[in-house]
Amino acid sequence: QVQLVESGGGLVQAGGSLRLACAASGRASGRTFRAYAMGWFRQAPGKEREFVATITWNLGNTFYADSVKGRFTISRDTAKNTVFLQMNSLKPEDTAVYYCAAALSAAPRTAGGYDYWGQGTQVTVSS
């Protein structure tokens, strides 16, 4: 059973920063879980879940949504099986529940391409 546990959400003023973390644990196919890629998505009230960023586990290749490029940075700690999302220059429109996800065979930018999901962490940016 694979678990993704997010942490680090909260309330911040516009222009501020937050750092999210997502720790992966468990086993898949009889082995310690290792994703091909891990990503972050977000969902604001009344809106669809949208892609934020993804990172490939072995090479660390990163991809970002245009809306966060230059402000957010995704990274990973392979020893701790943890992915991070550093969010700087936050805007009120970044307010959403942020979800961590793991993909087994690709680094997709759509939610349907991910195999495991965390429970989400709330990020609220006040103006």
# chains A, B, ... in the order shown; residues from 1 in each chain; ligands from 1
>>> residues_around(residues="Val52 of chain A", least_positions_apart="5", cutoff="12 Å", atoms="only C-alpha atoms", output="count of residues only")
32
>>> closest_residue(among="A:Val12, A:Leu104, A:Ala28, A:Leu90", to="Trp57 of chain A", atoms="only C-alpha atoms")
A:Leu104
>>> atom_distance(atom1="atom CA of Thr121 of chain A", atom2="atom CA of Ala106 of chain A")
24.0 Å
>>> select_by_dssp(residues="segment 22-110 of chain A", states="strand (DSSP E)", output="VMD selection string")
chain A and resid 22 to 28 31 to 32 37 to 43 50 to 56 62 to 64 72 to 77 82 to 87 96 to 103
